>>> print(open('query.csv').read())   # CSV, C-alpha atoms
chain,number,residue,atom,x,y,z
P,1,MET,CA,59.8,-61.6,18.9
P,2,THR,CA,58.4,-60.6,22.3
P,3,MET,CA,60.7,-61.5,25.2
P,4,TYR,CA,59.5,-62.2,28.8
P,5,GLU,CA,61.1,-63.2,32.0
P,6,VAL,CA,60.9,-66.9,32.6
P,7,TYR,CA,63.0,-67.2,35.8
P,8,ALA,CA,64.9,-65.2,38.3
P,9,HIS,CA,67.2,-65.9,41.3
P,10,PRO,CA,69.2,-63.7,43.7
P,11,ALA,CA,72.9,-63.4,43.6
P,12,LEU,CA,74.8,-63.8,46.9
P,13,GLN,CA,77.0,-60.8,47.8
P,14,ARG,CA,79.5,-61.3,50.6
P,15,TYR,CA,81.2,-58.6,52.7
P,16,ARG,CA,84.2,-59.0,54.9
P,17,ALA,CA,85.6,-56.9,57.7
P,18,GLY,CA,87.9,-57.3,60.7
P,19,ILE,CA,86.7,-58.6,64.0
P,20,CYS,CA,87.2,-55.3,65.8
P,21,SER,CA,85.9,-53.2,62.9
P,22,LYS,CA,83.0,-50.8,62.9
P,23,ALA,CA,81.1,-53.1,60.6
P,24,THR,CA,81.3,-56.0,63.2
P,25,VAL,CA,80.2,-53.7,66.0
P,26,PHE,CA,77.3,-52.5,63.8
P,27,LEU,CA,76.3,-56.1,63.0
P,28,LEU,CA,76.3,-57.0,66.7
P,29,ILE,CA,74.1,-54.0,67.6
P,30,VAL,CA,71.7,-54.9,64.8
P,31,LEU,CA,71.4,-58.5,66.0
P,32,ALA,CA,70.6,-57.2,69.5
P,33,LEU,CA,68.1,-54.7,68.2
P,34,THR,CA,66.5,-57.4,66.1
P,35,TYR,CA,65.9,-60.2,68.7
P,36,ILE,CA,65.7,-58.4,72.1
P,37,PRO,CA,63.1,-55.6,71.4
P,38,PRO,CA,60.4,-58.1,70.1
P,39,LEU,CA,60.7,-60.0,73.4
P,40,LEU,CA,60.3,-56.8,75.4
P,41,VAL,CA,57.3,-55.6,73.3
P,42,ALA,CA,55.6,-59.0,73.6
P,43,PHE,CA,56.2,-59.1,77.4
P,44,ARG,CA,55.1,-55.5,78.0
P,45,SER,CA,52.0,-55.8,75.9
P,46,GLN,CA,50.5,-58.0,78.7
P,47,GLY,CA,49.5,-61.7,78.4
P,48,PHE,CA,52.9,-62.9,77.3
P,49,TRP,CA,52.7,-65.8,79.7
P,50,LEU,CA,49.4,-67.7,79.5
P,51,LYS,CA,48.6,-67.9,83.2
P,52,GLN,CA,45.0,-68.9,82.7
P,53,SER,CA,42.9,-70.4,79.9
P,54,THR,CA,39.5,-72.0,79.3
P,55,TYR,CA,38.1,-75.0,77.5
P,56,GLU,CA,34.6,-76.4,77.1
P,57,GLU,CA,33.5,-79.8,78.4
P,58,GLN,CA,30.2,-81.6,79.1
P,59,PRO,CA,30.4,-82.6,82.7
P,60,ASN,CA,29.4,-86.0,83.9
P,61,VAL,CA,26.6,-85.2,86.4
P,62,ARG,CA,24.5,-87.7,88.2
P,63,PHE,CA,21.7,-87.0,90.7
P,64,LYS,CA,22.6,-88.7,94.0
P,65,TYR,CA,18.9,-89.1,95.1
P,66,GLU,CA,19.7,-87.1,98.2
P,67,VAL,CA,17.0,-84.6,99.1
P,68,LEU,CA,16.4,-82.2,102.0
P,69,LEU,CA,13.0,-80.4,101.9
P,70,ILE,CA,11.5,-77.8,104.2
P,71,ALA,CA,8.0,-76.5,103.3
P,72,LEU,CA,7.1,-73.3,105.2
P,73,ASN,CA,3.7,-73.0,106.8
P,74,SER,CA,3.4,-69.4,107.8
P,75,SER,CA,-0.2,-69.6,109.0
P,76,ARG,CA,1.0,-71.8,111.9
P,77,GLY,CA,4.5,-70.2,112.1
P,78,SER,CA,5.9,-73.6,111.4
P,79,TYR,CA,7.0,-76.0,108.7
P,80,VAL,CA,6.8,-79.5,107.5
P,81,ALA,CA,9.9,-81.4,106.2
P,82,TRP,CA,11.3,-84.5,104.8
P,83,SER,CA,14.7,-85.8,103.6
P,84,THR,CA,16.4,-88.9,102.5
P,85,PHE,CA,18.5,-88.8,105.7
P,86,GLN,CA,17.0,-90.8,108.4
P,87,GLN,CA,18.7,-88.9,111.2
P,88,PHE,CA,17.1,-85.7,110.0
P,89,ASN,CA,13.6,-87.3,109.8
P,90,ASN,CA,14.0,-88.5,113.4
P,91,LEU,CA,14.7,-84.9,114.5
P,92,VAL,CA,11.7,-83.5,112.6
P,93,GLY,CA,9.2,-85.6,114.6
P,94,ASP,CA,5.5,-85.0,113.9
P,95,ARG,CA,6.4,-82.4,111.2
P,96,LEU,CA,7.6,-85.2,109.0
P,97,ARG,CA,5.7,-85.6,105.7
P,98,ILE,CA,6.8,-88.5,103.4
P,99,PRO,CA,6.3,-87.5,99.8
P,100,LEU,CA,6.0,-89.4,96.6
P,101,VAL,CA,9.1,-88.8,94.6
P,102,SER,CA,9.8,-89.6,91.0
P,103,ALA,CA,13.1,-88.8,89.3
P,104,ARG,CA,14.5,-89.4,85.8
P,105,GLU,CA,17.7,-88.5,84.1
P,106,GLU,CA,18.0,-88.4,80.3
P,107,ASP,CA,21.0,-88.6,77.9
P,108,LYS,CA,19.4,-86.7,74.9
P,109,ASN,CA,22.4,-86.8,72.6
P,110,ASN,CA,23.5,-90.4,73.4
P,111,ASP,CA,27.1,-89.4,74.4
P,112,GLY,CA,27.1,-91.4,77.6
P,113,LYS,CA,26.6,-88.4,79.8
P,114,MET,CA,23.3,-87.3,81.3
P,115,ASP,CA,21.9,-84.0,80.0
P,116,GLN,CA,18.8,-83.4,82.1
P,117,LEU,CA,17.0,-84.3,85.4
P,118,TYR,CA,13.3,-84.5,85.7
P,119,LEU,CA,12.1,-84.5,89.4
P,120,LYS,CA,8.6,-84.5,90.7
P,121,LEU,CA,7.9,-84.4,94.5
P,122,GLU,CA,4.4,-84.7,95.8
P,123,LEU,CA,4.3,-83.7,99.5
P,124,PRO,CA,1.2,-84.7,101.4
P,125,VAL,CA,-0.1,-81.9,103.7
P,126,GLN,CA,-3.0,-81.7,106.1
P,127,ALA,CA,-6.1,-79.8,105.4
P,128,LEU,CA,-5.1,-76.7,107.4
P,129,GLU,CA,-1.5,-76.7,106.3
P,130,ASP,CA,-1.0,-74.1,103.6
P,131,ILE,CA,2.4,-73.9,101.9
P,132,TYR,CA,3.9,-70.4,101.6
P,133,GLY,CA,7.5,-71.3,100.8
P,134,VAL,CA,9.9,-74.0,99.9
P,135,GLN,CA,13.6,-74.6,100.7
P,136,LEU,CA,15.0,-77.6,98.8
P,137,ILE,CA,18.5,-79.1,98.5
P,138,LEU,CA,19.4,-81.6,95.8
P,139,THR,CA,22.8,-83.2,95.7
P,140,PHE,CA,24.8,-84.4,92.7
P,141,SER,CA,28.0,-86.2,91.7
P,142,TYR,CA,30.0,-83.8,89.4
P,143,GLN,CA,32.9,-85.0,87.3
P,144,LEU,CA,35.3,-83.5,84.7
P,145,TYR,CA,37.9,-85.5,82.7
P,146,ARG,CA,39.2,-83.6,79.7
P,147,MET,CA,42.1,-81.8,81.4
P,148,SER,CA,42.5,-82.8,85.1
P,149,THR,CA,40.2,-85.4,86.6
P,150,PHE,CA,38.0,-83.4,88.9
P,151,VAL,CA,35.4,-85.1,91.1
P,152,MET,CA,33.2,-83.5,93.6
P,153,GLN,CA,29.8,-83.7,95.4
P,154,SER,CA,27.8,-80.7,94.7
P,155,MET,CA,24.3,-79.4,95.3
P,156,ALA,CA,21.5,-77.3,93.9
P,157,PHE,CA,19.7,-75.0,96.4
P,158,ILE,CA,16.1,-74.0,95.6
P,159,GLN,CA,14.3,-71.4,97.7
P,160,TYR,CA,11.0,-69.6,97.0
P,161,SER,CA,8.3,-68.0,99.1
P,162,SER,CA,5.0,-66.2,98.4
P,163,PRO,CA,2.4,-64.3,100.4
P,164,ILE,CA,-0.2,-66.5,98.8
P,165,PRO,CA,-0.4,-70.2,99.6
P,166,GLY,CA,0.6,-72.4,96.7
P,167,ALA,CA,-0.4,-75.6,95.1
P,168,GLN,CA,2.7,-76.2,93.0
P,169,LEU,CA,6.2,-74.9,92.5
P,170,TYR,CA,7.8,-75.4,89.0
P,171,ILE,CA,11.5,-74.9,88.5
P,172,ASN,CA,13.4,-74.9,85.3
P,173,GLY,CA,17.1,-74.0,85.3
P,174,ASP,CA,20.7,-75.0,84.6
P,175,LEU,CA,23.1,-76.6,87.0
P,176,LYS,CA,26.1,-74.3,86.4
P,177,LEU,CA,29.7,-74.5,87.6
P,178,GLN,CA,31.1,-71.6,89.6
P,179,GLN,CA,34.9,-71.2,90.0
P,180,ARG,CA,36.8,-68.9,92.3
P,181,GLN,CA,40.0,-70.5,91.2
P,182,PRO,CA,41.0,-72.4,88.0
P,183,LEU,CA,41.6,-76.1,87.9
P,184,ASN,CA,44.9,-77.8,87.2
P,185,HIS,CA,45.7,-78.9,83.6
P,186,GLN,CA,46.3,-82.5,84.7
P,187,GLY,CA,46.2,-84.8,87.7
P,188,LEU,CA,43.4,-86.0,90.1
P,189,ASP,CA,41.4,-83.4,92.2
P,190,THR,CA,39.1,-84.9,94.8
P,191,ARG,CA,39.3,-82.2,97.5
P,192,TYR,CA,35.6,-81.6,97.3
P,193,ASN,CA,34.5,-85.2,96.9
P,194,VAL,CA,32.8,-85.1,100.2
P,195,SER,CA,29.1,-85.1,101.1
P,196,VAL,CA,27.4,-81.8,101.1
P,197,ILE,CA,25.2,-82.9,104.0
P,198,ASN,CA,26.5,-85.1,106.8
P,199,GLY,CA,23.6,-87.5,106.8
P,200,THR,CA,25.0,-89.6,109.6
P,201,SER,CA,25.1,-86.9,112.2
P,202,PRO,CA,22.4,-87.1,114.9
P,203,PHE,CA,22.7,-83.3,115.7
P,204,ALA,CA,20.3,-80.8,114.4
P,205,SER,CA,23.0,-78.3,113.5
P,206,ALA,CA,24.3,-80.6,110.8
P,207,TYR,CA,20.9,-80.1,108.9
P,208,GLU,CA,20.5,-76.4,109.5
P,209,LEU,CA,20.4,-74.7,106.1
P,210,THR,CA,22.6,-71.8,107.2
P,211,ASN,CA,25.3,-74.3,108.2
P,212,ILE,CA,25.0,-76.4,105.0
P,213,VAL,CA,25.1,-73.4,102.7
P,214,SER,CA,27.9,-71.6,104.6
P,215,SER,CA,30.1,-74.7,104.5
P,216,TYR,CA,29.3,-75.3,100.9
P,217,GLN,CA,30.1,-71.7,99.9
P,218,GLU,CA,33.5,-72.0,101.5
P,219,ARG,CA,34.6,-74.1,98.5
P,220,ASN,CA,36.4,-72.5,95.6
P,221,ILE,CA,34.4,-74.6,93.2
P,222,THR,CA,30.7,-75.1,93.5
P,223,THR,CA,27.5,-75.6,91.4
P,224,VAL,CA,24.5,-73.3,91.5
P,225,LEU,CA,21.1,-73.6,89.9
P,226,TYR,CA,21.2,-70.8,87.4
P,227,ASP,CA,18.1,-68.9,86.3
P,228,PRO,CA,15.6,-71.3,87.8
P,229,SER,CA,12.6,-69.3,86.6
P,230,PRO,CA,10.3,-70.4,89.5
P,231,VAL,CA,6.5,-70.6,88.8
P,232,TRP,CA,4.3,-70.5,91.8
P,233,LEU,CA,0.9,-72.0,91.1
P,234,VAL,CA,-2.1,-71.5,93.5
P,235,GLY,CA,-5.4,-73.1,94.1
P,236,ARG,CA,-4.7,-76.4,95.9
P,237,ALA,CA,-7.6,-78.5,97.1
P,238,THR,CA,-7.4,-79.5,100.8
P,239,SER,CA,-7.0,-83.2,99.8
P,240,ASP,CA,-4.3,-82.6,97.2
P,241,PRO,CA,-0.5,-82.7,97.9
P,242,PHE,CA,1.8,-79.8,97.4
P,243,VAL,CA,3.8,-80.6,94.2
P,244,ILE,CA,7.3,-79.6,93.3
P,245,THR,CA,8.4,-80.1,89.7
P,246,ALA,CA,12.0,-79.5,88.7
P,247,ASN,CA,13.6,-79.6,85.3
P,248,ILE,CA,17.4,-79.2,85.7
P,249,ARG,CA,19.8,-79.3,82.7
P,250,TYR,CA,23.5,-80.2,82.8
P,251,PRO,CA,24.9,-77.8,80.2
P,252,VAL,CA,28.3,-77.7,78.5
P,253,GLU,CA,30.6,-75.7,80.7
P,254,SER,CA,33.4,-73.2,79.9
P,255,ILE,CA,36.0,-74.3,82.5
P,256,SER,CA,39.0,-72.2,83.6
P,257,TYR,CA,42.3,-73.9,84.2
P,258,ILE,CA,46.0,-73.2,84.7
P,259,PRO,CA,48.0,-74.1,81.5
P,260,GLY,CA,50.9,-76.5,81.6
P,261,PHE,CA,54.5,-75.5,80.8
P,262,TRP,CA,54.5,-76.4,77.1
P,263,GLU,CA,51.2,-74.6,76.5
P,264,MET,CA,52.6,-71.5,78.1
P,265,ILE,CA,55.8,-71.7,75.9
P,266,LYS,CA,53.8,-72.3,72.7
P,267,TYR,CA,51.6,-69.2,73.5
P,268,ALA,CA,54.6,-67.0,74.3
P,269,TRP,CA,56.5,-68.3,71.2
P,270,ILE,CA,53.7,-67.3,68.9
P,271,GLN,CA,53.6,-63.8,70.2
P,272,TYR,CA,57.4,-63.4,70.1
P,273,VAL,CA,57.8,-64.7,66.5
P,274,SER,CA,54.9,-62.6,65.2
P,275,ILE,CA,56.7,-59.4,66.3
P,276,LEU,CA,60.2,-60.8,65.5
P,277,LEU,CA,59.2,-61.2,61.8
P,278,ILE,CA,58.7,-57.4,61.5
P,279,PHE,CA,62.0,-56.6,63.1
P,280,LEU,CA,63.8,-59.1,60.8
P,281,TRP,CA,62.4,-57.5,57.7
P,282,VAL,CA,63.2,-54.0,58.8
P,283,PHE,CA,66.8,-54.6,59.9
P,284,GLU,CA,67.5,-56.8,56.9
P,285,ARG,CA,66.8,-53.8,54.8
P,286,VAL,CA,69.0,-51.6,57.0
P,287,LYS,CA,71.9,-54.0,56.7
P,288,ILE,CA,71.5,-54.2,52.9
P,289,PHE,CA,71.5,-50.4,52.7
P,290,VAL,CA,74.6,-50.0,54.9
P,291,PHE,CA,76.8,-52.6,53.2
P,292,GLN,CA,75.7,-52.0,49.6
P,293,ASN,CA,76.4,-48.3,50.0
P,294,GLN,CA,79.6,-48.8,52.0
P,295,VAL,CA,78.4,-46.7,54.8
P,296,LEU,CA,80.8,-48.8,56.9
P,297,THR,CA,84.0,-49.9,55.2
P,298,THR,CA,84.0,-53.6,54.2
P,299,VAL,CA,85.6,-55.7,51.5
P,300,PRO,CA,82.9,-56.9,48.9
P,301,LEU,CA,83.6,-60.3,47.4
P,302,PRO,CA,82.6,-61.3,43.9
P,303,LEU,CA,79.0,-62.2,43.3
P,304,VAL,CA,78.2,-65.9,43.8
P,305,ALA,CA,75.4,-67.4,41.9
P,306,PRO,CA,73.3,-70.1,43.6
P,307,SER,CA,74.7,-73.6,43.1
P,308,LYS,CA,72.9,-75.8,40.7
P,309,PRO,CA,71.7,-79.2,41.8
P,310,HIS,CA,74.0,-82.1,40.8
P,311,GLN,CA,72.7,-84.1,37.8
P,312,SER,CA,73.9,-87.6,37.2
>>> encode(input="query.csv", output="structure tokens")
Amino acid sequence: MTMYEVYAHPALQRYRAGICSKATVFLLIVLALTYIPPLLVAFRSQGFWLKQSTYEEQPNVRFKYEVLLIALNSSRGSYVAWSTFQQFNNLVGDRLRIPLVSAREEDKNNDGKMDQLYLKLELPVQALEDIYGVQLILTFSYQLYRMSTFVMQSMAFIQYSSPIPGAQLYINGDLKLQQRQPLNHQGLDTRYNVSVINGTSPFASAYELTNIVSSYQERNITTVLYDPSPVWLVGRATSDPFVITANIRYPVESISYIPGFWEMIKYAWIQYVSILLIFLWVFERVKIFVFQNQVLTTVPLPLVAPSKPHQS
């Protein structure tokens, strides 16, 4: 009759030695070499502490219906302009041109957050006013909630010029988040929840593009219109307005943040344990070899079989 193994279990072998014996010193050294080097290896291999991480989130973006437009008229060395800020319009004087504006935001995936802005601006110009360039600022409310609650007022700056007078400017791009520093992992952050343009100021310096852009770029977190792909169309009739059409998407962002304490510990623990398992396996074999072969003198006790579970 053919025999085969149906079950196996290890036997427990115990070894005894004095407290001040060589075997005890050896065991202490092995314990130190088992648990300390993995910590040093994990630490020296860079990235032991997770100082910065990223996550993805669909921002809650809403167009604030604040616009500042300057259309360059190089044939007269001048410009025409309009904005939603009355103080700016007062400063413009006879260069003011009030456009027909239509704007629509869409939530394409029905998640409660807007995904896209469609903007069309028809700027009336006189027969001798040819448009050679456009400078346009649009402002937005930008909010994040998944980690820390981050709220700011941001903008998209559009600028384009051509040596040929145009009839229409078409823009299609993404409103992307730019970070010079990571966000916190929790809490409320409203440090940039201030207007990009001081629309109540009666001074012309408050509406100069260099001042607006310079002040905005001082922030550590901003938005920028990425890859706008401008299309400059020519052939405007003298009675037609100059048209600006913009299609701006609000994409899912990869956001950098500073991890919290428990996330850092979890990340460090995973690295430490993954290296520790190798050291445990190696030094367990070393101890078995040393004590089984009596490299260091110890007193072996009789083999002990695993205890059987109690059966009533």
>>> residues_around(input="query.csv", residues="Asn172 (chain P)", least_positions_apart="5", cutoff="7 Å", atoms="only C-alpha atoms", output="list in words")
Pro228, Ser229, Pro230, Ala246, Asn247 and Ile248 of chain P
>>> residues_around(input="query.csv", residues="Gln159 (chain P)", least_positions_apart="4", cutoff="9 Å", atoms="all atoms listed in the file", output="list in words")
Gly133, Val134, Gln135, Leu136 and Ile137 of chain P
>>> closest_residue(input="query.csv", among="P:Val299, P:Val231, P:Leu27, P:Leu68", to="Thr245 (chain P)", atoms="all atoms listed in the file")
P:Val231
>>> closest_atom_pairs(input="query.csv", of="region 185-256 of chain P", to="region 90-95 of chain P", cutoff="9 Å", atoms="all atoms listed in the file", output="JSON lines")
{"residue": "P:Pro202", "atom": "CA", "partner": "P:Leu91", "partner_atom": "CA", "distance": 8.0}
{"residue": "P:Phe203", "atom": "CA", "partner": "P:Leu91", "partner_atom": "CA", "distance": 8.2}
{"residue": "P:Ala204", "atom": "CA", "partner": "P:Leu91", "partner_atom": "CA", "distance": 6.9}
>>> atom_distance(input="query.csv", atom1="CA of Ser154 (chain P)", atom2="CA of Val194 (chain P)")
8.6 Å
>>> build_atoms(input="query.csv", residues="region 9-29 of chain P", atoms="N, CA and C atoms", output="PDB file, in the frame of the given file")
ATOM      1  N   HIS P   9      66.646 -65.438  39.981  1.00  0.00           N
ATOM      2  CA  HIS P   9      67.200 -65.900  41.300  1.00  0.00           C
ATOM      3  C   HIS P   9      68.141 -64.842  41.787  1.00  0.00           C
ATOM      4  N   PRO P  10      68.265 -64.708  43.109  1.00  0.00           N
ATOM      5  CA  PRO P  10      69.200 -63.700  43.700  1.00  0.00           C
ATOM      6  C   PRO P  10      70.613 -64.143  43.581  1.00  0.00           C
ATOM      7  N   ALA P  11      71.488 -63.184  43.533  1.00  0.00           N
ATOM      8  CA  ALA P  11      72.900 -63.400  43.600  1.00  0.00           C
ATOM      9  C   ALA P  11      73.384 -63.144  45.030  1.00  0.00           C
ATOM     10  N   LEU P  12      74.331 -63.917  45.515  1.00  0.00           N
ATOM     11  CA  LEU P  12      74.800 -63.800  46.900  1.00  0.00           C
ATOM     12  C   LEU P  12      76.024 -62.870  46.914  1.00  0.00           C
ATOM     13  N   GLN P  13      75.893 -61.774  47.657  1.00  0.00           N
ATOM     14  CA  GLN P  13      77.000 -60.800  47.800  1.00  0.00           C
ATOM     15  C   GLN P  13      77.556 -60.959  49.223  1.00  0.00           C
ATOM     16  N   ARG P  14      78.854 -61.187  49.335  1.00  0.00           N
ATOM     17  CA  ARG P  14      79.500 -61.300  50.600  1.00  0.00           C
ATOM     18  C   ARG P  14      80.343 -60.085  50.924  1.00  0.00           C
ATOM     19  N   TYR P  15      80.394 -59.714  52.237  1.00  0.00           N
ATOM     20  CA  TYR P  15      81.200 -58.600  52.700  1.00  0.00           C
ATOM     21  C   TYR P  15      82.070 -59.054  53.833  1.00  0.00           C
ATOM     22  N   ARG P  16      83.325 -58.662  53.806  1.00  0.00           N
ATOM     23  CA  ARG P  16      84.200 -59.000  54.900  1.00  0.00           C
ATOM     24  C   ARG P  16      84.768 -57.811  55.588  1.00  0.00           C
ATOM     25  N   ALA P  17      85.009 -58.021  56.917  1.00  0.00           N
ATOM     26  CA  ALA P  17      85.600 -56.900  57.700  1.00  0.00           C
ATOM     27  C   ALA P  17      86.297 -57.572  58.905  1.00  0.00           C
ATOM     28  N   GLY P  18      87.149 -56.800  59.545  1.00  0.00           N
ATOM     29  CA  GLY P  18      87.900 -57.300  60.700  1.00  0.00           C
ATOM     30  C   GLY P  18      86.979 -57.508  61.906  1.00  0.00           C
ATOM     31  N   ILE P  19      87.489 -58.311  62.858  1.00  0.00           N
ATOM     32  CA  ILE P  19      86.700 -58.600  64.000  1.00  0.00           C
ATOM     33  C   ILE P  19      86.418 -57.370  64.864  1.00  0.00           C
ATOM     34  N   CYS P  20      87.381 -56.474  64.944  1.00  0.00           N
ATOM     35  CA  CYS P  20      87.200 -55.300  65.800  1.00  0.00           C
ATOM     36  C   CYS P  20      86.825 -54.045  64.929  1.00  0.00           C
ATOM     37  N   SER P  21      86.280 -54.282  63.769  1.00  0.00           N
ATOM     38  CA  SER P  21      85.900 -53.200  62.900  1.00  0.00           C
ATOM     39  C   SER P  21      84.546 -52.593  63.280  1.00  0.00           C
ATOM     40  N   LYS P  22      84.290 -51.413  62.729  1.00  0.00           N
ATOM     41  CA  LYS P  22      83.000 -50.800  62.900  1.00  0.00           C
ATOM     42  C   LYS P  22      81.858 -51.600  62.361  1.00  0.00           C
ATOM     43  N   ALA P  23      82.116 -52.293  61.249  1.00  0.00           N
ATOM     44  CA  ALA P  23      81.100 -53.100  60.600  1.00  0.00           C
ATOM     45  C   ALA P  23      80.664 -54.275  61.543  1.00  0.00           C
ATOM     46  N   THR P  24      81.629 -54.864  62.229  1.00  0.00           N
ATOM     47  CA  THR P  24      81.300 -56.000  63.200  1.00  0.00           C
ATOM     48  C   THR P  24      80.498 -55.454  64.339  1.00  0.00           C
ATOM     49  N   VAL P  25      80.920 -54.291  64.894  1.00  0.00           N
ATOM     50  CA  VAL P  25      80.200 -53.700  66.000  1.00  0.00           C
ATOM     51  C   VAL P  25      78.743 -53.376  65.578  1.00  0.00           C
ATOM     52  N   PHE P  26      78.639 -52.799  64.359  1.00  0.00           N
ATOM     53  CA  PHE P  26      77.300 -52.500  63.800  1.00  0.00           C
ATOM     54  C   PHE P  26      76.439 -53.742  63.719  1.00  0.00           C
ATOM     55  N   LEU P  27      77.036 -54.828  63.209  1.00  0.00           N
ATOM     56  CA  LEU P  27      76.300 -56.100  63.000  1.00  0.00           C
ATOM     57  C   LEU P  27      75.801 -56.620  64.376  1.00  0.00           C
ATOM     58  N   LEU P  28      76.648 -56.546  65.393  1.00  0.00           N
ATOM     59  CA  LEU P  28      76.300 -57.000  66.700  1.00  0.00           C
ATOM     60  C   LEU P  28      75.114 -56.180  67.291  1.00  0.00           C
ATOM     61  N   ILE P  29      75.192 -54.868  67.073  1.00  0.00           N
ATOM     62  CA  ILE P  29      74.100 -54.000  67.600  1.00  0.00           C
ATOM     63  C   ILE P  29      72.804 -54.303  66.844  1.00  0.00           C
TER      64      ILE P  29
END
